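Student: Here you go, one structure.
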Amino acid sequence: MERTTTSDGDTAIVWFRNDLRVSDNAALMAASRHGAVLPVFIRETNSPARPLGAARTWWLHHSLERLAEKLESLGAPLLLLSGDPARIIPDLVQATGAAAVYWNRRYDPRHQAADAALKAQLQADGLSAESFAGQLLHEPMRLKTGGGTYYKVYSPFWRAMEPDIEKRPPLPAPDALPPLPAKLDIASEALAGWGLLPVAPDWSGGMNEAWTPGEDGARARLVDFLENRMQGYAERRDIPGVDATSGLSPHLASGEITPAQIIEAMRVADTDASSSDLSKFRKEVGWREFSWHLLANDPGLPDRNHNSRFDAFPWIRNETALQAWQKGLTGYPIVDAGMRELWRTGWMHNRVRMVVASFLTKHLMIDWREGEAWFWDTLVDADPASNAASWQWVAGSGADAAPYFRIFNPVLQGEKFDPDGAYVRANLPELGKMPSRFIHRPWEAPDSVLLAAGVRLGKNYPEPIIDHQAARQRALAAYQQIKDAA
DNA sequence: TTTTGAGTTGTTCGA
DNA sequence: GTCGAACAACTCAAA
(Lines give C-alpha, C1' and ligand atoms only; values in the text may rest on other atoms or scores of the structure.)
Protein backbone atom coordinates (compact mmCIF):
# COMPACT_ATOMS: atom_id res chain seq x y z
CA MET A 1 0.00 0.00 0.00
CA GLU A 2 2.92 2.32 0.71
CA ARG A 3 4.56 3.90 -2.30
CA THR A 4 8.28 3.71 -2.15
CA THR A 5 9.60 6.00 -4.82
CA THR A 6 8.84 9.31 -6.36
CA SER A 7 10.65 10.48 -9.40
CA ASP A 8 11.51 14.15 -9.27
CA GLY A 9 8.93 16.44 -10.67
CA ASP A 10 6.17 13.89 -11.13
CA THR A 11 2.60 14.75 -10.37
CA ALA A 12 -0.07 12.95 -8.40
CA ILE A 13 -3.78 13.60 -8.71
CA VAL A 14 -5.87 13.15 -5.56
CA TRP A 15 -9.54 12.61 -6.18
CA PHE A 16 -11.55 13.74 -3.17
CA ARG A 17 -14.97 12.21 -2.66
CA ASN A 18 -16.32 11.30 0.74
CA ASP A 19 -13.14 12.27 2.55
CA LEU A 20 -13.18 16.03 2.89
CA ARG A 21 -10.18 16.31 5.17
CA VAL A 22 -6.41 16.64 4.98
CA SER A 23 -5.46 14.68 8.10
CA ASP A 24 -5.63 10.90 8.27
CA ASN A 25 -5.94 10.98 4.52
CA ALA A 26 -3.80 8.21 3.10
CA ALA A 27 -4.40 9.20 -0.51
CA LEU A 28 -3.32 12.77 0.13
CA MET A 29 -0.32 11.61 2.12
CA ALA A 30 0.80 9.35 -0.71
CA ALA A 31 0.42 12.21 -3.16
CA SER A 32 2.43 14.56 -0.97
CA ARG A 33 5.49 12.44 -1.62
CA HIS A 34 5.32 13.33 -5.29
CA GLY A 35 6.78 16.38 -6.93
CA ALA A 36 3.41 18.04 -7.39
CA VAL A 37 -0.11 17.47 -6.15
CA LEU A 38 -3.39 18.22 -7.89
CA PRO A 39 -6.41 17.77 -5.61
CA VAL A 40 -9.74 17.55 -7.40
CA PHE A 41 -13.36 17.22 -6.36
CA ILE A 42 -15.83 16.20 -9.04
CA ARG A 43 -19.52 16.98 -8.90
CA GLU A 44 -20.67 13.75 -10.48
CA THR A 45 -23.49 14.44 -12.86
CA ASN A 46 -24.08 10.82 -13.79
CA SER A 47 -23.26 8.94 -10.63
CA PRO A 48 -24.44 5.36 -10.27
CA ALA A 49 -25.20 6.13 -6.62
CA ARG A 50 -28.17 7.95 -5.20
CA PRO A 51 -27.65 11.73 -5.28
CA LEU A 52 -27.05 13.39 -1.94
CA GLY A 53 -30.13 14.67 -0.19
CA ALA A 54 -30.77 18.35 0.37
CA ALA A 55 -29.29 18.53 3.87
CA ARG A 56 -26.06 16.84 2.88
CA THR A 57 -25.87 18.99 -0.23
CA TRP A 58 -25.97 22.06 2.00
CA TRP A 59 -23.28 20.49 4.16
CA LEU A 60 -21.14 19.65 1.13
CA HIS A 61 -20.97 23.30 0.08
CA HIS A 62 -19.55 24.38 3.41
CA SER A 63 -17.30 21.39 3.75
CA LEU A 64 -15.78 21.99 0.32
CA GLU A 65 -15.14 25.61 1.23
CA ARG A 66 -13.23 24.52 4.31
CA LEU A 67 -11.32 21.83 2.43
CA ALA A 68 -10.35 24.31 -0.29
CA GLU A 69 -8.96 26.68 2.34
CA LYS A 70 -6.90 23.91 3.91
CA LEU A 71 -5.48 22.67 0.63
CA GLU A 72 -4.70 26.21 -0.46
CA SER A 73 -2.75 26.83 2.74
CA LEU A 74 -0.82 23.61 2.20
CA GLY A 75 0.10 24.80 -1.26
CA ALA A 76 -2.16 22.91 -3.64
CA PRO A 77 -5.47 24.58 -4.47
CA LEU A 78 -8.53 22.38 -4.94
CA LEU A 79 -9.82 21.98 -8.47
CA LEU A 80 -13.62 21.78 -8.80
CA LEU A 81 -15.10 20.12 -11.86
CA SER A 82 -18.45 18.67 -12.93
CA GLY A 83 -19.07 15.60 -15.01
CA ASP A 84 -18.12 11.97 -15.30
CA PRO A 85 -14.98 11.02 -13.36
CA ALA A 86 -14.23 8.30 -15.90
CA ARG A 87 -13.61 11.08 -18.43
CA ILE A 88 -12.39 13.87 -16.19
CA ILE A 89 -9.64 11.95 -14.42
CA PRO A 90 -8.01 10.73 -17.67
CA ASP A 91 -8.31 14.27 -19.05
CA LEU A 92 -6.48 15.59 -16.00
CA VAL A 93 -3.80 12.96 -16.37
CA GLN A 94 -3.36 14.09 -19.94
CA ALA A 95 -3.25 17.77 -19.05
CA THR A 96 -0.77 17.40 -16.21
CA GLY A 97 1.31 14.43 -17.29
CA ALA A 98 0.52 12.95 -13.90
CA ALA A 99 2.14 9.65 -13.00
CA ALA A 100 -0.26 8.72 -10.24
CA VAL A 101 -3.90 8.94 -9.23
CA TYR A 102 -4.90 8.32 -5.64
CA TRP A 103 -8.17 8.21 -3.80
CA ASN A 104 -9.62 6.85 -0.59
CA ARG A 105 -12.02 3.99 -1.03
CA ARG A 106 -15.74 4.49 -0.75
CA TYR A 107 -17.78 1.48 0.09
CA ASP A 108 -21.20 2.12 -1.40
CA PRO A 109 -21.63 -0.90 -3.69
CA ARG A 110 -23.11 1.40 -6.31
CA HIS A 111 -19.84 3.32 -6.47
CA GLN A 112 -17.45 0.45 -6.22
CA ALA A 113 -17.81 -1.03 -9.67
CA ALA A 114 -17.25 2.35 -11.31
CA ASP A 115 -14.26 3.11 -9.11
CA ALA A 116 -12.73 -0.29 -9.77
CA ALA A 117 -13.21 0.10 -13.52
CA LEU A 118 -11.54 3.51 -13.53
CA LYS A 119 -8.65 2.19 -11.50
CA ALA A 120 -8.12 -0.70 -13.88
CA GLN A 121 -8.26 1.66 -16.85
CA LEU A 122 -5.67 3.98 -15.33
CA GLN A 123 -3.40 1.11 -14.45
CA ALA A 124 -3.71 -0.24 -17.97
CA ASP A 125 -2.53 3.16 -19.15
CA GLY A 126 0.60 2.67 -17.08
CA LEU A 127 -0.32 4.93 -14.19
CA SER A 128 0.11 4.28 -10.55
CA ALA A 129 -3.56 4.24 -9.52
CA GLU A 130 -4.15 3.32 -5.89
CA SER A 131 -7.00 3.44 -3.45
CA PHE A 132 -6.60 3.61 0.30
CA ALA A 133 -8.54 2.71 3.40
CA GLY A 134 -9.63 5.22 6.01
CA GLN A 135 -13.38 5.77 5.95
CA LEU A 136 -13.87 2.71 8.13
CA LEU A 137 -11.94 0.81 10.76
CA HIS A 138 -12.24 -2.39 8.79
CA GLU A 139 -12.69 -3.42 5.20
CA PRO A 140 -16.36 -4.37 5.19
CA MET A 141 -15.97 -7.47 3.05
CA ARG A 142 -13.13 -8.85 5.12
CA LEU A 143 -14.67 -10.10 8.36
CA LYS A 144 -16.22 -13.53 8.13
CA THR A 145 -17.80 -15.84 10.64
CA GLY A 146 -16.31 -19.25 11.35
CA GLY A 147 -18.73 -20.57 8.76
CA GLY A 148 -17.36 -18.26 6.08
CA THR A 149 -20.41 -16.01 5.82
CA TYR A 150 -20.80 -12.37 6.74
CA TYR A 151 -22.05 -11.36 10.16
CA LYS A 152 -25.75 -10.77 10.64
CA VAL A 153 -25.72 -10.23 14.38
CA TYR A 154 -24.02 -7.24 15.91
CA SER A 155 -22.53 -8.72 19.08
CA PRO A 156 -20.40 -11.42 17.48
CA PHE A 157 -19.43 -8.96 14.76
CA TRP A 158 -18.17 -6.53 17.35
CA ARG A 159 -16.43 -9.23 19.34
CA ALA A 160 -14.57 -10.17 16.17
CA MET A 161 -13.77 -6.58 15.25
CA GLU A 162 -13.02 -4.79 18.48
CA PRO A 163 -9.56 -6.31 19.05
CA ASP A 164 -8.43 -4.76 15.75
CA ILE A 165 -9.73 -1.25 16.06
CA GLU A 166 -6.52 0.35 17.24
CA LYS A 167 -4.38 -1.37 14.66
CA ARG A 168 -4.33 1.46 12.17
CA PRO A 169 -3.26 4.67 13.91
CA PRO A 170 -4.40 7.83 12.12
CA LEU A 171 -2.01 9.74 9.89
CA PRO A 172 -1.11 13.38 10.43
CA ALA A 173 -1.85 15.98 7.78
CA PRO A 174 0.92 16.44 5.24
CA ASP A 175 3.27 19.34 6.04
CA ALA A 176 3.02 20.78 2.58
CA LEU A 177 1.71 19.95 -0.86
CA PRO A 178 3.91 20.92 -3.79
CA PRO A 179 1.80 22.76 -6.36
CA LEU A 180 1.77 22.10 -10.08
CA PRO A 181 4.83 23.52 -11.78
CA ALA A 182 2.80 25.16 -14.52
CA LYS A 183 -0.65 26.65 -14.77
CA LEU A 184 -3.28 24.11 -15.72
CA ASP A 185 -5.30 24.59 -18.88
CA ILE A 186 -8.39 23.39 -17.13
CA ALA A 187 -10.02 26.04 -14.98
CA SER A 188 -11.73 25.29 -11.70
CA GLU A 189 -15.44 25.82 -11.58
CA ALA A 190 -16.82 28.18 -8.94
CA LEU A 191 -18.39 26.51 -5.94
CA ALA A 192 -21.03 29.22 -5.78
CA GLY A 193 -22.10 28.25 -9.28
CA TRP A 194 -22.94 24.73 -8.23
CA GLY A 195 -26.10 25.82 -6.50
CA LEU A 196 -25.61 23.59 -3.50
CA LEU A 197 -27.15 26.06 -1.06
CA PRO A 198 -30.92 26.36 -0.74
CA VAL A 199 -32.60 29.50 -2.02
CA ALA A 200 -36.25 30.45 -2.08
CA PRO A 201 -36.80 29.27 0.52
CA ASP A 202 -33.53 29.23 2.36
CA TRP A 203 -34.23 26.67 5.07
CA SER A 204 -30.66 26.47 6.29
CA GLY A 205 -30.84 28.93 9.19
CA GLY A 206 -31.24 26.26 11.85
CA MET A 207 -28.46 24.23 10.34
CA ASN A 208 -26.04 27.14 10.32
CA GLU A 209 -26.75 27.55 14.01
CA ALA A 210 -26.35 23.89 14.83
CA TRP A 211 -23.30 22.90 12.83
CA THR A 212 -19.80 23.85 11.80
CA PRO A 213 -19.06 21.73 8.74
CA GLY A 214 -15.44 21.03 7.93
CA GLU A 215 -12.46 19.29 9.39
CA ASP A 216 -11.78 21.90 12.07
CA GLY A 217 -15.40 21.84 13.18
CA ALA A 218 -15.22 18.07 13.42
CA ARG A 219 -12.05 18.18 15.48
CA ALA A 220 -13.49 20.82 17.80
CA ARG A 221 -16.59 18.74 18.35
CA LEU A 222 -14.56 15.65 19.11
CA VAL A 223 -12.41 17.50 21.65
CA ASP A 224 -15.47 19.06 23.25
CA PHE A 225 -17.18 15.70 23.44
CA LEU A 226 -14.22 14.02 25.09
CA GLU A 227 -13.77 16.86 27.56
CA ASN A 228 -17.36 17.57 28.44
CA ARG A 229 -19.69 14.76 27.47
CA MET A 230 -17.74 11.49 27.45
CA GLN A 231 -18.12 11.18 31.20
CA GLY A 232 -21.63 9.94 31.83
CA TYR A 233 -22.22 9.12 28.17
CA ALA A 234 -23.53 5.62 28.93
CA GLU A 235 -26.35 7.04 31.05
CA ARG A 236 -27.03 10.36 29.39
CA ARG A 237 -26.87 9.36 25.75
CA ASP A 238 -30.50 8.28 25.82
CA ILE A 239 -31.90 11.56 27.05
CA PRO A 240 -32.67 13.77 24.06
CA GLY A 241 -33.28 16.87 26.16
CA VAL A 242 -29.65 17.12 27.21
CA ASP A 243 -26.67 17.63 24.94
CA ALA A 244 -25.01 14.30 25.65
CA THR A 245 -24.12 12.71 22.34
CA SER A 246 -21.05 13.29 20.23
CA GLY A 247 -22.73 14.94 17.26
CA LEU A 248 -19.96 13.55 15.09
CA SER A 249 -22.21 11.68 12.65
CA PRO A 250 -22.38 14.35 9.93
CA HIS A 251 -18.64 14.88 10.09
CA LEU A 252 -18.13 11.14 9.70
CA ALA A 253 -20.62 10.97 6.84
CA SER A 254 -18.67 13.55 4.84
CA GLY A 255 -15.33 12.15 5.87
CA GLU A 256 -14.16 15.23 7.76
CA ILE A 257 -13.04 12.96 10.55
CA THR A 258 -12.26 9.25 10.57
CA PRO A 259 -13.24 6.57 13.04
CA ALA A 260 -9.52 5.86 13.54
CA GLN A 261 -9.04 9.46 14.71
CA ILE A 262 -11.94 9.08 17.13
CA ILE A 263 -10.67 5.81 18.57
CA GLU A 264 -7.17 7.20 18.91
CA ALA A 265 -8.39 10.38 20.60
CA MET A 266 -10.33 8.27 23.09
CA ARG A 267 -7.28 6.17 23.77
CA VAL A 268 -5.08 9.11 24.68
CA ALA A 269 -7.77 11.27 26.30
CA ASP A 270 -7.31 12.36 29.86
CA THR A 271 -10.85 11.71 31.03
CA ASP A 272 -12.73 10.63 34.11
CA ALA A 273 -15.17 8.74 31.96
CA SER A 274 -15.87 5.19 33.11
CA SER A 275 -14.94 2.16 31.07
CA SER A 276 -18.64 1.72 30.46
CA ASP A 277 -18.85 5.24 29.00
CA LEU A 278 -15.91 4.57 26.73
CA SER A 279 -17.02 1.14 25.60
CA LYS A 280 -20.57 2.33 24.92
CA PHE A 281 -19.30 5.00 22.61
CA ARG A 282 -16.83 2.68 20.90
CA LYS A 283 -19.75 0.38 20.26
CA GLU A 284 -21.61 3.20 18.55
CA VAL A 285 -18.65 3.62 16.22
CA GLY A 286 -18.89 -0.15 15.79
CA TRP A 287 -22.51 0.12 14.68
CA ARG A 288 -21.43 2.29 11.80
CA GLU A 289 -18.94 -0.39 10.82
CA PHE A 290 -21.60 -3.08 11.12
CA SER A 291 -23.96 -1.15 8.87
CA TRP A 292 -21.29 -0.93 6.18
CA HIS A 293 -20.54 -4.59 6.64
CA LEU A 294 -24.21 -5.32 5.98
CA LEU A 295 -24.49 -3.00 2.99
CA ALA A 296 -21.30 -4.34 1.41
CA ASN A 297 -22.64 -7.86 1.66
CA ASP A 298 -26.24 -7.01 0.80
CA PRO A 299 -26.13 -4.20 -1.78
CA GLY A 300 -29.93 -4.11 -1.92
CA LEU A 301 -30.16 -2.98 1.69
CA PRO A 302 -31.34 0.59 0.92
CA ASP A 303 -34.38 -0.50 -1.06
CA ARG A 304 -35.08 -4.19 -0.54
CA ASN A 305 -36.13 -6.06 2.57
CA HIS A 306 -33.12 -7.78 4.05
CA ASN A 307 -35.55 -10.41 5.28
CA SER A 308 -37.62 -11.22 2.21
CA ARG A 309 -40.51 -12.43 4.33
CA PHE A 310 -41.34 -8.74 4.62
CA ASP A 311 -42.01 -8.58 0.89
CA ALA A 312 -45.51 -9.74 1.83
CA PHE A 313 -46.00 -7.18 4.59
CA PRO A 314 -49.23 -5.22 4.07
CA TRP A 315 -47.83 -1.69 4.13
CA ILE A 316 -50.42 1.03 3.94
CA ARG A 317 -50.15 3.90 1.48
CA ASN A 318 -51.38 7.04 3.16
CA GLU A 319 -50.04 10.32 1.86
CA THR A 320 -51.87 12.37 4.48
CA ALA A 321 -50.43 10.40 7.36
CA LEU A 322 -46.96 10.41 5.79
CA GLN A 323 -47.06 14.18 5.50
CA ALA A 324 -48.27 14.57 9.07
CA TRP A 325 -45.29 12.52 10.16
CA GLN A 326 -42.86 14.46 7.99
CA LYS A 327 -44.09 17.79 9.28
CA GLY A 328 -44.25 16.77 12.90
CA LEU A 329 -48.03 16.97 13.15
CA THR A 330 -48.96 13.53 14.43
CA GLY A 331 -50.28 14.73 17.77
CA TYR A 332 -47.70 12.66 19.67
CA PRO A 333 -45.31 15.24 21.12
CA ILE A 334 -42.15 13.12 21.23
CA VAL A 335 -42.65 12.12 17.59
CA ASP A 336 -43.41 15.64 16.47
CA ALA A 337 -40.52 17.12 18.44
CA GLY A 338 -38.16 14.70 16.71
CA MET A 339 -39.45 15.44 13.25
CA ARG A 340 -39.22 19.19 13.87
CA GLU A 341 -35.70 18.87 15.21
CA LEU A 342 -34.82 17.01 12.04
CA TRP A 343 -36.35 19.65 9.82
CA ARG A 344 -34.73 22.54 11.65
CA THR A 345 -31.24 21.18 12.30
CA GLY A 346 -30.82 18.29 9.87
CA TRP A 347 -30.26 15.93 12.76
CA MET A 348 -32.30 13.98 15.30
CA HIS A 349 -31.34 12.39 18.57
CA ASN A 350 -30.83 8.64 18.22
CA ARG A 351 -33.42 7.63 20.81
CA VAL A 352 -36.01 9.76 19.06
CA ARG A 353 -35.06 8.36 15.66
CA MET A 354 -36.15 4.97 16.92
CA VAL A 355 -39.41 6.34 18.25
CA VAL A 356 -40.35 8.17 15.05
CA ALA A 357 -39.29 5.22 12.89
CA SER A 358 -41.34 2.82 14.98
CA PHE A 359 -44.28 5.20 14.75
CA LEU A 360 -44.10 5.40 10.96
CA THR A 361 -43.65 1.69 10.32
CA LYS A 362 -45.79 0.24 13.09
CA HIS A 363 -48.44 2.79 14.08
CA LEU A 364 -48.98 4.13 10.59
CA MET A 365 -47.80 0.92 8.89
CA ILE A 366 -46.12 2.99 6.21
CA ASP A 367 -43.29 1.29 4.31
CA TRP A 368 -39.89 1.87 5.92
CA ARG A 369 -38.58 2.99 2.52
CA GLU A 370 -40.69 6.15 2.81
CA GLY A 371 -38.99 6.94 6.10
CA GLU A 372 -35.59 6.05 4.77
CA ALA A 373 -36.08 8.40 1.83
CA TRP A 374 -37.20 11.27 4.06
CA PHE A 375 -34.21 10.81 6.34
CA TRP A 376 -31.93 10.59 3.32
CA ASP A 377 -33.13 13.98 2.16
CA THR A 378 -33.22 15.77 5.50
CA LEU A 379 -30.34 14.37 7.58
CA VAL A 380 -26.98 16.07 7.47
CA ASP A 381 -25.52 12.72 8.52
CA ALA A 382 -27.42 10.67 5.91
CA ASP A 383 -25.29 7.63 5.25
CA PRO A 384 -26.38 4.90 2.86
CA ALA A 385 -25.37 2.12 5.20
CA SER A 386 -26.48 3.42 8.60
CA ASN A 387 -29.71 4.86 7.29
CA ALA A 388 -30.80 1.71 5.49
CA ALA A 389 -29.64 -0.71 8.17
CA SER A 390 -31.30 1.28 10.95
CA TRP A 391 -34.63 1.66 9.19
CA GLN A 392 -34.75 -2.04 8.43
CA TRP A 393 -33.78 -2.80 12.00
CA VAL A 394 -36.69 -0.82 13.37
CA ALA A 395 -39.15 -2.11 10.80
CA GLY A 396 -38.22 -5.67 11.68
CA SER A 397 -37.01 -6.61 8.22
CA GLY A 398 -33.34 -6.04 8.94
CA ALA A 399 -30.43 -8.01 10.29
CA ASP A 400 -30.65 -8.70 13.99
CA ALA A 401 -33.89 -6.76 13.93
CA ALA A 402 -36.13 -5.66 16.74
CA PRO A 403 -38.78 -8.31 17.40
CA TYR A 404 -42.04 -7.46 15.74
CA PHE A 405 -43.89 -7.07 19.02
CA ARG A 406 -41.55 -4.33 20.16
CA ILE A 407 -43.79 -1.41 19.33
CA PHE A 408 -42.74 1.80 21.01
CA ASN A 409 -45.44 3.55 22.97
CA PRO A 410 -44.74 7.21 22.15
CA VAL A 411 -46.23 8.40 25.42
CA LEU A 412 -44.17 6.06 27.58
CA GLN A 413 -41.02 6.74 25.58
CA GLY A 414 -41.57 10.46 26.05
CA GLU A 415 -42.18 10.15 29.76
CA LYS A 416 -39.27 7.81 30.27
CA PHE A 417 -36.60 9.67 28.32
CA ASP A 418 -37.90 13.23 28.39
CA PRO A 419 -39.53 13.30 31.82
CA ASP A 420 -39.49 17.06 32.24
CA GLY A 421 -40.48 17.66 28.61
CA ALA A 422 -37.36 19.71 27.90
CA TYR A 423 -36.90 18.13 24.50
CA VAL A 424 -40.51 18.58 23.49
CA ARG A 425 -40.58 22.20 24.62
CA ALA A 426 -37.34 22.96 22.78
CA ASN A 427 -38.79 21.71 19.53
CA LEU A 428 -42.53 22.36 19.81
CA PRO A 429 -43.03 25.96 20.88
CA GLU A 430 -46.81 25.49 20.81
CA LEU A 431 -46.45 23.16 23.80
CA GLY A 432 -43.95 25.41 25.57
CA LYS A 433 -46.25 26.11 28.48
CA MET A 434 -47.70 22.65 28.95
CA PRO A 435 -47.01 21.26 32.41
CA SER A 436 -44.75 18.22 32.46
CA ARG A 437 -47.52 15.98 33.68
CA PHE A 438 -49.39 16.33 30.41
CA ILE A 439 -46.71 17.29 27.95
CA HIS A 440 -46.53 13.82 26.41
CA ARG A 441 -50.30 13.33 26.46
CA PRO A 442 -51.88 16.73 25.88
CA TRP A 443 -55.20 15.17 24.86
CA GLU A 444 -55.66 14.00 28.44
CA ALA A 445 -55.12 17.43 29.93
CA PRO A 446 -58.16 19.13 31.47
CA ASP A 447 -59.54 22.10 29.58
CA SER A 448 -58.28 24.46 32.24
CA VAL A 449 -54.72 23.22 31.81
CA LEU A 450 -54.91 23.48 28.04
CA LEU A 451 -56.34 26.97 28.29
CA ALA A 452 -53.63 28.13 30.67
CA ALA A 453 -50.97 26.66 28.37
CA GLY A 454 -52.48 28.25 25.31
CA VAL A 455 -52.94 24.88 23.64
CA ARG A 456 -56.01 24.46 21.48
CA LEU A 457 -56.08 20.85 20.37
CA GLY A 458 -56.99 20.50 16.74
CA LYS A 459 -56.13 24.19 16.24
CA ASN A 460 -52.55 25.00 17.16
CA TYR A 461 -51.54 21.44 17.97
CA PRO A 462 -53.16 18.34 16.49
CA GLU A 463 -55.14 15.62 18.18
CA PRO A 464 -53.36 12.28 17.82
CA ILE A 465 -53.77 11.12 14.21
CA ILE A 466 -54.10 7.53 15.37
CA ASP A 467 -55.02 5.76 18.60
CA HIS A 468 -52.06 3.99 20.14
CA GLN A 469 -53.83 0.83 21.29
CA ALA A 470 -55.73 0.35 18.07
CA ALA A 471 -52.61 0.96 15.98
CA ARG A 472 -50.65 -1.49 18.08
CA GLN A 473 -53.23 -4.23 17.62
CA ARG A 474 -53.36 -3.59 13.89
CA ALA A 475 -49.57 -3.83 13.58
CA LEU A 476 -49.41 -7.01 15.63
CA ALA A 477 -52.05 -8.58 13.38
CA ALA A 478 -50.12 -7.58 10.27
CA TYR A 479 -46.93 -9.11 11.58
CA GLN A 480 -48.88 -12.24 12.47
CA GLN A 481 -50.04 -12.36 8.89
CA ILE A 482 -46.57 -12.51 7.33
CA LYS A 483 -45.48 -14.97 9.97
CA ASP A 484 -48.34 -17.29 9.12
CA ALA A 485 -47.67 -16.91 5.41
CA ALA A 486 -44.06 -17.95 5.77
C1' DT B 1 -23.25 -32.42 11.92
C1' DT B 2 -25.38 -31.28 15.97
C1' DT B 3 -25.94 -28.76 19.91
C1' DT B 4 -26.06 -24.79 22.64
C1' DG B 5 -26.43 -20.16 24.10
C1' DA B 6 -27.60 -15.83 22.82
C1' DG B 7 -29.74 -11.97 20.58
C1' DT B 8 -29.00 -2.76 21.22
C1' DT B 9 -32.49 0.28 22.62
C1' DG B 10 -40.29 -2.64 24.74
C1' DT B 11 -44.97 -2.99 26.29
C1' DT B 12 -48.70 -4.93 28.54
C1' DC B 13 -51.08 -7.66 31.73
C1' DG B 14 -52.10 -9.75 35.82
C1' DA B 15 -50.74 -10.96 40.38
C1' DG C 1 -46.90 1.08 42.64
C1' DT C 2 -44.02 -3.01 41.53
C1' DC C 3 -42.63 -7.18 39.46
C1' DG C 4 -42.26 -11.15 36.44
C1' DA C 5 -43.97 -13.33 32.56
C1' DA C 6 -45.64 -13.38 28.02
C1' DC C 7 -45.12 -11.88 23.53
C1' DA C 8 -42.77 -16.12 18.96
C1' DA C 9 -40.15 -18.66 17.68
C1' DC C 10 -36.11 -18.21 14.81
C1' DT C 11 -31.63 -17.52 13.29
C1' DC C 12 -27.09 -16.86 14.04
C1' DA C 13 -22.40 -18.10 15.43
C1' DA C 14 -19.39 -20.89 17.70
C1' DA C 15 -18.17 -25.01 20.11
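As shown in the C-alpha coordinates, the chain order sets the letters A, B, ...; within each chain, residues go from 1, and ligands are also counted from 1 in the order they appear.
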Write out, as a tab-separated table, each residue of chain B that has an atom at most 10 Å from chain A, together with the closest pair of atoms and their distance in Å to one decimal, counting only C-alpha atoms (C1' of nucleotides), rows going by chain and rising number.
Tutor:
residue	atom	partner	partner_atom	distance
B:DA6	C1'	A:Ser155	CA	9.5
B:DG7	C1'	A:Asp400	CA	7.4
B:DT8	C1'	A:Tyr154	CA	8.5
B:DT9	C1'	A:Arg351	CA	7.6
B:DG10	C1'	A:Arg406	CA	5.0
B:DT11	C1'	A:Arg406	CA	7.1
Student: Hey, which bits of chain C sit within 12 Å of chain A, and for each residue what's the closest pair of atoms and how far apart in Å (one decimal), counting only C-alpha atoms (C1' of nucleotides), rows by chain and increasing number, as a Markdown table?
Tutor:
| residue | atom | partner | partner_atom | distance |
| --- | --- | --- | --- | --- |
| C:DA6 | C1' | A:Phe405 | CA | 11.1 |
| C:DC7 | C1' | A:Phe405 | CA | 6.7 |
| C:DA8 | C1' | A:Pro403 | CA | 8.9 |
| C:DA9 | C1' | A:Lys483 | CA | 10.1 |
| C:DC10 | C1' | A:Pro403 | CA | 10.6 |
| C:DT11 | C1' | A:Asp400 | CA | 8.9 |
| C:DC12 | C1' | A:Val153 | CA | 6.8 |
| C:DA13 | C1' | A:Thr145 | CA | 7.0 |
| C:DA14 | C1' | A:Gly146 | CA | 7.2 |
| C:DA15 | C1' | A:Gly146 | CA | 10.6 |
Student: Just want the 10 Å neighbourhood of A:Arg456, counted on only C-alpha atoms (C1' of nucleotides), with same-chain residues fewer than 3 positions away dropped. Output as a PyMOL selection string.
Tutor: chain A and resi 430-431+442-443+447+450-451+453+459-463
Student: Which of stretch 109-182 of chain A end up as alpha helix (DSSP H) when DSSP is run on this backbone - answer as an MDAnalysis selection string?
Tutor: chainID A and resid 109:124 154:161
Student: Find the residues near A:Gly300: any atom within 10 Å, counting only C-alpha atoms (C1' of nucleotides), skip ones fewer than 5 places away on the same chain, and give them as a PDB file with N, CA and C atoms, in the first residue's frame.
Tutor:
ATOM      1  N   PRO A 109     -21.760   0.048  -2.576  1.00  0.00           N
ATOM      2  CA  PRO A 109     -21.626  -0.898  -3.690  1.00  0.00           C
ATOM      3  C   PRO A 109     -21.925  -0.251  -5.035  1.00  0.00           C
ATOM      4  N   ARG A 110     -22.763   0.773  -5.036  1.00  0.00           N
ATOM      5  CA  ARG A 110     -23.107   1.403  -6.313  1.00  0.00           C
ATOM      6  C   ARG A 110     -21.943   2.228  -6.864  1.00  0.00           C
ATOM      7  N   LEU A 294     -22.952  -4.804   6.529  1.00  0.00           N
ATOM      8  CA  LEU A 294     -24.215  -5.323   5.984  1.00  0.00           C
ATOM      9  C   LEU A 294     -24.447  -4.835   4.558  1.00  0.00           C
ATOM     10  N   LEU A 295     -24.234  -3.551   4.334  1.00  0.00           N
ATOM     11  CA  LEU A 295     -24.487  -3.002   2.991  1.00  0.00           C
ATOM     12  C   LEU A 295     -23.535  -3.618   1.964  1.00  0.00           C
ATOM     13  N   ASN A 305     -36.096  -5.454   1.244  1.00  0.00           N
ATOM     14  CA  ASN A 305     -36.125  -6.060   2.565  1.00  0.00           C
ATOM     15  C   ASN A 305     -34.971  -7.037   2.715  1.00  0.00           C
ATOM     16  N   HIS A 306     -34.207  -6.840   3.767  1.00  0.00           N
ATOM     17  CA  HIS A 306     -33.119  -7.780   4.048  1.00  0.00           C
ATOM     18  C   HIS A 306     -33.713  -9.170   4.304  1.00  0.00           C
ATOM     19  N   ALA A 388     -30.055   2.889   5.937  1.00  0.00           N
ATOM     20  CA  ALA A 388     -30.797   1.711   5.490  1.00  0.00           C
ATOM     21  C   ALA A 388     -30.841   0.633   6.577  1.00  0.00           C
TER      22      ALA A 388
END
